[in-house]
$ cat coords_11.txt   # compact mmCIF, C-alpha atoms
# COMPACT_ATOMS: atom_id res chain seq x y z
CA MET A 328 12.59 -5.10 -7.25
CA THR A 329 9.44 -3.99 -9.00
CA GLY A 330 9.55 -1.20 -11.52
CA GLU A 331 8.47 2.20 -10.28
CA GLN A 332 7.40 4.65 -12.96
CA ASP A 333 8.30 8.28 -12.28
CA GLY A 334 6.20 11.00 -13.77
CA GLY A 335 7.38 13.84 -15.99
CA ALA A 336 9.44 14.13 -19.12
CA GLY A 337 13.18 13.88 -19.58
CA ILE A 338 15.76 11.16 -20.09
CA ARG A 339 14.22 7.96 -18.78
CA VAL A 340 16.72 5.69 -17.04
CA LEU A 341 16.55 2.07 -15.85
CA VAL A 342 18.97 1.53 -12.94
CA VAL A 343 20.35 -2.00 -12.63
CA ASP A 344 22.57 -3.10 -9.71
CA ASP A 345 22.40 -6.06 -7.35
CA GLN A 346 23.67 -3.93 -4.44
CA ALA A 347 20.67 -2.17 -2.93
CA LEU A 348 22.59 0.80 -1.52
CA ILE A 349 24.31 1.58 -4.81
CA ARG A 350 21.08 1.15 -6.76
CA ALA A 351 19.14 3.40 -4.37
CA GLY A 352 21.88 6.04 -4.34
CA VAL A 353 22.08 6.23 -8.13
CA ALA A 354 18.29 6.35 -8.43
CA ALA A 355 18.07 9.15 -5.84
CA LEU A 356 20.72 11.15 -7.69
CA LEU A 357 18.86 10.77 -10.99
CA ARG A 358 15.51 11.72 -9.45
CA ALA A 359 17.02 14.92 -8.04
CA ALA A 360 18.55 15.95 -11.38
CA PRO A 361 16.65 18.21 -13.79
CA GLY A 362 15.70 16.42 -16.99
CA MET A 363 16.18 12.92 -15.55
CA THR A 364 13.50 10.34 -14.79
CA VAL A 365 13.94 6.92 -13.17
CA ALA A 366 11.80 4.57 -15.24
CA ALA A 367 12.45 1.59 -12.95
CA GLU A 368 15.04 -0.18 -10.79
CA ALA A 369 16.23 -3.76 -11.21
CA ALA A 370 18.23 -5.95 -8.84
CA ASP A 371 19.43 -8.53 -11.39
CA GLY A 372 19.88 -9.15 -15.09
CA GLN A 373 16.60 -10.93 -15.77
CA GLU A 374 14.64 -8.22 -14.00
CA ALA A 375 16.55 -5.67 -16.08
CA VAL A 376 15.41 -7.37 -19.30
CA ASP A 377 11.80 -7.57 -18.14
CA LEU A 378 11.70 -3.94 -17.01
CA ALA A 379 13.46 -2.66 -20.12
CA VAL A 380 10.78 -4.28 -22.28
CA ALA A 381 7.99 -3.01 -20.01
CA HIS A 382 9.22 0.57 -19.56
CA ARG A 383 11.31 1.21 -22.69
CA PRO A 384 13.90 3.50 -21.05
CA ASP A 385 16.19 5.78 -23.02
CA VAL A 386 19.26 4.66 -21.04
CA VAL A 387 20.05 1.56 -18.98
CA LEU A 388 22.69 1.93 -16.26
CA MET A 389 23.86 -1.69 -16.20
CA ASP A 390 25.98 -3.36 -13.54
CA ILE A 391 28.08 -6.12 -15.10
CA ARG A 392 28.75 -8.59 -12.31
CA MET A 393 25.49 -9.84 -10.90
CA PRO A 394 24.31 -13.27 -9.74
CA GLY A 395 22.13 -15.18 -12.18
CA LEU A 396 21.86 -13.42 -15.52
CA SER A 397 24.94 -11.21 -15.93
CA GLY A 398 24.90 -7.65 -17.17
CA ILE A 399 26.50 -8.84 -20.40
CA ALA A 400 23.75 -11.38 -21.09
CA ALA A 401 21.11 -8.84 -20.07
CA THR A 402 22.62 -6.32 -22.51
CA GLU A 403 22.40 -8.86 -25.35
CA ARG A 404 18.79 -9.71 -24.53
CA ILE A 405 17.67 -6.09 -24.21
CA LEU A 406 19.29 -5.09 -27.50
CA GLY A 407 17.88 -8.21 -29.13
CA ALA A 408 14.33 -7.53 -27.93
CA GLY A 409 13.49 -5.38 -30.94
CA LEU A 410 12.70 -2.23 -28.97
CA VAL A 411 12.50 0.87 -31.18
CA PRO A 412 14.41 2.95 -30.42
CA ALA A 413 16.73 0.56 -28.63
CA PRO A 414 17.84 1.69 -25.17
CA ARG A 415 21.39 2.99 -24.89
CA ILE A 416 23.24 0.80 -22.39
CA LEU A 417 25.84 2.34 -20.12
CA VAL A 418 27.88 -0.25 -18.25
CA LEU A 419 28.91 0.42 -14.66
CA THR A 420 32.22 -1.19 -13.77
CA THR A 421 34.99 -1.13 -11.19
CA PHE A 422 37.90 -1.37 -13.66
CA ASP A 423 38.31 0.46 -16.95
CA LEU A 424 40.34 -2.33 -18.56
CA ASP A 425 38.23 -5.35 -17.75
CA GLU A 426 37.36 -8.37 -19.89
CA TYR A 427 33.78 -8.00 -18.75
CA VAL A 428 33.72 -4.49 -20.21
CA TYR A 429 35.14 -5.82 -23.48
CA ALA A 430 32.38 -8.43 -23.60
CA ALA A 431 29.74 -5.79 -22.87
CA LEU A 432 31.00 -3.56 -25.69
CA ARG A 433 31.02 -6.58 -27.97
CA ALA A 434 27.40 -7.20 -26.99
CA GLY A 435 26.45 -3.66 -28.01
CA ALA A 436 26.80 -1.46 -24.91
CA ALA A 437 27.21 2.21 -25.81
CA GLY A 438 29.96 2.82 -23.29
CA PHE A 439 31.09 2.35 -19.74
CA LEU A 440 31.48 4.38 -16.57
CA LEU A 441 33.57 3.64 -13.51
CA LYS A 442 31.56 3.10 -10.34
CA ASP A 443 33.71 5.61 -8.46
CA ALA A 444 32.82 8.41 -10.87
CA GLY A 445 31.34 11.44 -9.13
CA PRO A 446 27.68 12.47 -9.32
CA GLN A 447 28.24 15.14 -11.98
CA ARG A 448 30.22 12.70 -14.12
CA LEU A 449 27.42 10.14 -13.91
CA LEU A 450 24.76 12.69 -14.88
CA ALA A 451 26.90 13.96 -17.75
CA ALA A 452 27.46 10.38 -18.89
CA VAL A 453 23.75 9.59 -18.95
CA THR A 454 23.08 12.77 -20.92
CA ALA A 455 25.87 12.00 -23.39
CA VAL A 456 24.74 8.42 -23.99
CA ALA A 457 21.11 9.47 -24.39
CA GLY A 458 22.26 11.92 -27.06
CA GLY A 459 24.08 9.21 -29.00
CA ASP A 460 27.63 9.96 -27.86
CA THR A 461 30.20 7.59 -26.41
CA LEU A 462 31.79 8.16 -23.02
CA PHE A 463 35.38 7.39 -23.78
CA SER A 464 37.83 8.38 -26.46
CA PRO A 465 38.34 6.08 -29.45
CA SER A 466 41.87 5.46 -28.16
CA VAL A 467 40.51 4.01 -24.91
CA THR A 468 38.20 1.73 -26.88
CA ARG A 469 41.16 0.63 -28.97
CA ARG A 470 43.30 -0.03 -25.88
CA LEU A 471 40.53 -2.10 -24.31
CA VAL A 472 39.88 -4.12 -27.45
CA GLU A 473 43.59 -4.74 -28.06
CA ALA A 474 43.99 -5.99 -24.50
CA PHE A 475 41.46 -8.75 -25.04
CA THR A 476 41.90 -9.61 -28.71
CA ARG A 477 45.67 -10.11 -28.50
CA PRO A 478 45.44 -13.45 -26.64
CA ARG A 479 42.95 -14.68 -29.26
CA ALA A 480 44.90 -13.49 -32.28
CA GLU A 481 45.61 -16.20 -34.83
CA PRO A 482 48.40 -16.08 -37.42
CA GLY A 483 47.51 -15.96 -41.10
CA PRO A 484 45.56 -13.68 -43.45
CA PRO A 485 42.76 -11.42 -42.20
CA ARG A 486 39.55 -13.30 -41.50
CA ASP A 487 37.52 -10.66 -43.32
CA GLY A 488 34.78 -12.66 -45.03
CA VAL A 489 32.29 -10.90 -42.78
CA LEU A 490 33.35 -7.60 -44.36
CA ASP A 491 32.58 -8.64 -47.95
CA VAL A 492 29.30 -6.70 -47.80
CA LEU A 493 31.22 -3.41 -47.40
CA THR A 494 32.39 -1.09 -50.14
CA GLY A 495 36.08 -0.23 -50.30
CA ARG A 496 35.49 3.18 -48.71
CA GLU A 497 33.33 1.73 -45.95
CA ARG A 498 36.08 -0.76 -45.18
CA GLU A 499 38.66 2.03 -45.04
CA VAL A 500 36.54 4.04 -42.62
CA LEU A 501 35.98 0.96 -40.46
CA ARG A 502 39.72 0.26 -40.40
CA HIS A 503 40.54 3.78 -39.25
CA THR A 504 37.77 3.57 -36.65
CA GLY A 505 39.39 0.39 -35.35
CA ARG A 506 42.73 2.21 -35.17
CA GLY A 507 41.15 4.60 -32.66
CA LEU A 508 40.71 7.64 -34.90
CA SER A 509 37.83 10.08 -34.45
CA ASN A 510 35.60 11.01 -37.39
CA ALA A 511 37.52 14.27 -37.79
CA GLU A 512 40.85 12.42 -37.88
CA ILE A 513 39.52 9.90 -40.39
CA ALA A 514 38.30 12.78 -42.57
CA GLY A 515 41.81 14.21 -42.54
CA GLU A 516 43.39 10.86 -43.41
CA LEU A 517 41.04 10.17 -46.34
CA VAL A 518 40.64 13.82 -47.45
CA ILE A 519 36.86 13.72 -47.26
CA SER A 520 34.36 15.60 -45.11
CA GLU A 521 33.53 14.56 -41.56
CA ALA A 522 29.88 14.16 -42.63
CA THR A 523 30.95 11.73 -45.35
CA VAL A 524 32.95 9.72 -42.82
CA LYS A 525 29.89 9.50 -40.61
CA THR A 526 27.75 8.37 -43.55
CA HIS A 527 30.20 5.61 -44.54
CA LEU A 528 30.56 4.42 -40.93
CA ASN A 529 26.81 4.39 -40.38
CA ARG A 530 26.29 2.40 -43.59
CA ALA A 531 29.01 -0.08 -42.61
CA MET A 532 27.50 -0.52 -39.15
CA ALA A 533 24.02 -1.05 -40.62
CA LYS A 534 25.31 -3.69 -43.06
CA LEU A 535 27.14 -5.50 -40.24
CA GLY A 536 24.24 -5.24 -37.79
CA LEU A 537 26.18 -3.12 -35.30
CA CYS A 538 24.58 -0.68 -32.87
CA SER A 539 27.60 1.18 -31.47
CA ARG A 540 30.98 2.54 -32.49
CA ALA A 541 32.57 0.31 -29.87
CA GLN A 542 31.14 -2.74 -31.65
CA ALA A 543 32.66 -1.43 -34.88
CA VAL A 544 36.09 -1.33 -33.23
CA VAL A 545 35.63 -4.89 -31.96
CA VAL A 546 34.65 -6.13 -35.44
CA ALA A 547 37.63 -4.35 -37.02
CA TYR A 548 39.96 -6.37 -34.79
CA GLU A 549 38.10 -9.67 -34.73
CA SER A 550 37.80 -9.71 -38.55
CA GLY A 551 41.53 -9.10 -38.92
CA LEU A 552 41.02 -5.71 -40.62
CA VAL A 553 43.12 -4.21 -37.83
CA THR A 554 45.71 -6.21 -35.91
CA PRO A 555 46.77 -5.59 -32.30
CA GLY A 556 49.71 -3.20 -32.15
CA ALA A 557 49.16 -1.85 -35.68
CA ARG A 558 49.48 1.91 -36.05
CA HIS A 559 48.62 2.26 -39.73

$ encode --input "coords_11.txt" --output "structure tokens"
Amino acid sequence: MTGEQDGGAGIRVLVVDDQALIRAGVAALLRAAPGMTVAAEAADGQEAVDLAVAHRPDVVLMDIRMPGLSGIAATERILGAGLVPAPRILVLTTFDLDEYVYAALRAGAAGFLLKDAGPQRLLAAVTAVAGGDTLFSPSVTRRLVEAFTRPRAEPGPPRDGVLDVLTGREREVLRHTGRGLSNAEIAGELVISEATVKTHLNRAMAKLGLCSRAQAVVVAYESGLVTPGARH
């Protein structure tokens, strides 16, 4: 489907879904909402990549399971296209604990939303993601990551060579992030300010080339810094 530029200011959204009725319904909802603009609509992953580059939306509502280029691959390509600022990608899914969702978070998606969420929830989600927030609690991220790292877990010492670029404090903050703690909870654990936690986490993410907190949780597990089932 060709991109259709809407006029006016507001949060600019690219809607991606291979089901025409769902795509049209979401686009109509966004067009009717104050402060929302539909930058374009895409029917598959490759079209999503092309339209994201052409229209530079603030948020991409990305279906995961599509024929041809999947939503996961499209997410990787969009975030790897060098767009500044990079679009925030919100994955639309049928199941909250889904290996496809895990892969999308690993690829850099900012969060996910269930397809059966109501209209107000969807609009609130788009607003939250556009503002830099995530749409699920750290504990949900942790539960999702644990579900799909456990089968891959290997015995032995942590595989943390990738973390050698981090300072000790940055590593501590990353570990607590992987445990599912919020910035406020991490501040309490380490007896530092919440702003300092945010600074350390942002520096760690920049050094590791990460673009979302969810990616930070994934790296904490996949590096061995946090192990599935660990509470401390």

$ atom_distance --input "coords_11.txt" --atom1 "atom CA of A:Thr454" --atom2 "atom CA of A:Ile338"
7.5 Å

$ closest_residue --input "coords_11.txt" --among "A:Leu396, A:Leu441, A:Val428, A:Val453" --to "A:Val342" --atoms "all atoms listed in the file"
A:Val453

$ closest_residue --input "coords_11.txt" --among "A:Ala408, A:Ala379, A:Ala541, A:Ala369" --to "A:Ala347" --atoms "only C-alpha atoms"
A:Ala369

$ closest_residue --input "coords_11.txt" --among "A:Asp344, A:Asp443, A:Asp390, A:Glu497" --to "A:Lys534" --atoms "only C-alpha atoms"
A:Glu497

$ residues_around --input "coords_11.txt" --residues "stretch 512-517 of chain A" --least-positions-apart "3" --cutoff "10 Å" --atoms "all atoms listed in the file" --output "ChimeraX atom specification"
/A:496,499-504,506-509,520-525

$ atom_distance --input "coords_11.txt" --atom1 "atom CA of A:Asp385" --atom2 "atom CA of A:Ala547"
27.5 Å

$ build_atoms --input "coords_11.txt" --residues "stretch 508-524 of chain A" --atoms "N, CA, C and O atoms" --output "PDB file, in the coordinates of the input"
ATOM      1  N   LEU A 508      40.841   6.273 -34.406  1.00  0.00           N
ATOM      2  CA  LEU A 508      40.710   7.640 -34.900  1.00  0.00           C
ATOM      3  C   LEU A 508      39.276   8.140 -34.745  1.00  0.00           C
ATOM      4  O   LEU A 508      38.319   7.374 -34.854  1.00  0.00           O
ATOM      5  N   SER A 509      39.148   9.433 -34.496  1.00  0.00           N
ATOM      6  CA  SER A 509      37.830  10.080 -34.450  1.00  0.00           C
ATOM      7  C   SER A 509      37.367  10.324 -35.887  1.00  0.00           C
ATOM      8  O   SER A 509      38.141  10.206 -36.851  1.00  0.00           O
ATOM      9  N   ASN A 510      36.108  10.711 -36.041  1.00  0.00           N
ATOM     10  CA  ASN A 510      35.600  11.010 -37.390  1.00  0.00           C
ATOM     11  C   ASN A 510      36.398  12.138 -38.033  1.00  0.00           C
ATOM     12  O   ASN A 510      36.685  12.105 -39.232  1.00  0.00           O
ATOM     13  N   ALA A 511      36.757  13.150 -37.248  1.00  0.00           N
ATOM     14  CA  ALA A 511      37.520  14.270 -37.790  1.00  0.00           C
ATOM     15  C   ALA A 511      38.899  13.809 -38.262  1.00  0.00           C
ATOM     16  O   ALA A 511      39.384  14.233 -39.316  1.00  0.00           O
ATOM     17  N   GLU A 512      39.535  12.937 -37.493  1.00  0.00           N
ATOM     18  CA  GLU A 512      40.850  12.420 -37.880  1.00  0.00           C
ATOM     19  C   GLU A 512      40.769  11.542 -39.123  1.00  0.00           C
ATOM     20  O   GLU A 512      41.638  11.591 -39.994  1.00  0.00           O
ATOM     21  N   ILE A 513      39.706  10.745 -39.211  1.00  0.00           N
ATOM     22  CA  ILE A 513      39.520   9.900 -40.390  1.00  0.00           C
ATOM     23  C   ILE A 513      39.307  10.781 -41.626  1.00  0.00           C
ATOM     24  O   ILE A 513      39.850  10.512 -42.703  1.00  0.00           O
ATOM     25  N   ALA A 514      38.540  11.852 -41.461  1.00  0.00           N
ATOM     26  CA  ALA A 514      38.300  12.780 -42.570  1.00  0.00           C
ATOM     27  C   ALA A 514      39.628  13.341 -43.080  1.00  0.00           C
ATOM     28  O   ALA A 514      39.850  13.458 -44.286  1.00  0.00           O
ATOM     29  N   GLY A 515      40.508  13.689 -42.151  1.00  0.00           N
ATOM     30  CA  GLY A 515      41.810  14.210 -42.540  1.00  0.00           C
ATOM     31  C   GLY A 515      42.663  13.178 -43.259  1.00  0.00           C
ATOM     32  O   GLY A 515      43.333  13.486 -44.256  1.00  0.00           O
ATOM     33  N   GLU A 516      42.613  11.940 -42.790  1.00  0.00           N
ATOM     34  CA  GLU A 516      43.390  10.860 -43.410  1.00  0.00           C
ATOM     35  C   GLU A 516      42.926  10.578 -44.839  1.00  0.00           C
ATOM     36  O   GLU A 516      43.732  10.357 -45.738  1.00  0.00           O
ATOM     37  N   LEU A 517      41.599  10.575 -45.045  1.00  0.00           N
ATOM     38  CA  LEU A 517      41.040  10.170 -46.340  1.00  0.00           C
ATOM     39  C   LEU A 517      40.709  11.368 -47.241  1.00  0.00           C
ATOM     40  O   LEU A 517      40.246  11.176 -48.368  1.00  0.00           O
ATOM     41  N   VAL A 518      40.918  12.581 -46.710  1.00  0.00           N
ATOM     42  CA  VAL A 518      40.640  13.820 -47.450  1.00  0.00           C
ATOM     43  C   VAL A 518      39.181  13.843 -47.930  1.00  0.00           C
ATOM     44  O   VAL A 518      38.880  14.028 -49.119  1.00  0.00           O
ATOM     45  N   ILE A 519      38.291  13.608 -47.003  1.00  0.00           N
ATOM     46  CA  ILE A 519      36.860  13.720 -47.260  1.00  0.00           C
ATOM     47  C   ILE A 519      36.250  14.482 -46.086  1.00  0.00           C
ATOM     48  O   ILE A 519      36.924  14.749 -45.094  1.00  0.00           O
ATOM     49  N   SER A 520      34.980  14.846 -46.188  1.00  0.00           N
ATOM     50  CA  SER A 520      34.360  15.600 -45.110  1.00  0.00           C
ATOM     51  C   SER A 520      34.014  14.699 -43.930  1.00  0.00           C
ATOM     52  O   SER A 520      33.862  13.479 -44.079  1.00  0.00           O
ATOM     53  N   GLU A 521      33.895  15.316 -42.761  1.00  0.00           N
ATOM     54  CA  GLU A 521      33.530  14.560 -41.560  1.00  0.00           C
ATOM     55  C   GLU A 521      32.131  13.948 -41.721  1.00  0.00           C
ATOM     56  O   GLU A 521      31.873  12.827 -41.261  1.00  0.00           O
ATOM     57  N   ALA A 522      31.233  14.685 -42.399  1.00  0.00           N
ATOM     58  CA  ALA A 522      29.880  14.160 -42.630  1.00  0.00           C
ATOM     59  C   ALA A 522      29.917  12.911 -43.504  1.00  0.00           C
ATOM     60  O   ALA A 522      29.157  11.955 -43.284  1.00  0.00           O
ATOM     61  N   THR A 523      30.820  12.897 -44.476  1.00  0.00           N
ATOM     62  CA  THR A 523      30.950  11.730 -45.350  1.00  0.00           C
ATOM     63  C   THR A 523      31.493  10.534 -44.575  1.00  0.00           C
ATOM     64  O   THR A 523      31.050   9.396 -44.776  1.00  0.00           O
ATOM     65  N   VAL A 524      32.439  10.790 -43.671  1.00  0.00           N
ATOM     66  CA  VAL A 524      32.950   9.720 -42.820  1.00  0.00           C
ATOM     67  C   VAL A 524      31.806   9.113 -42.015  1.00  0.00           C
ATOM     68  O   VAL A 524      31.654   7.886 -41.943  1.00  0.00           O
TER      69      VAL A 524
END
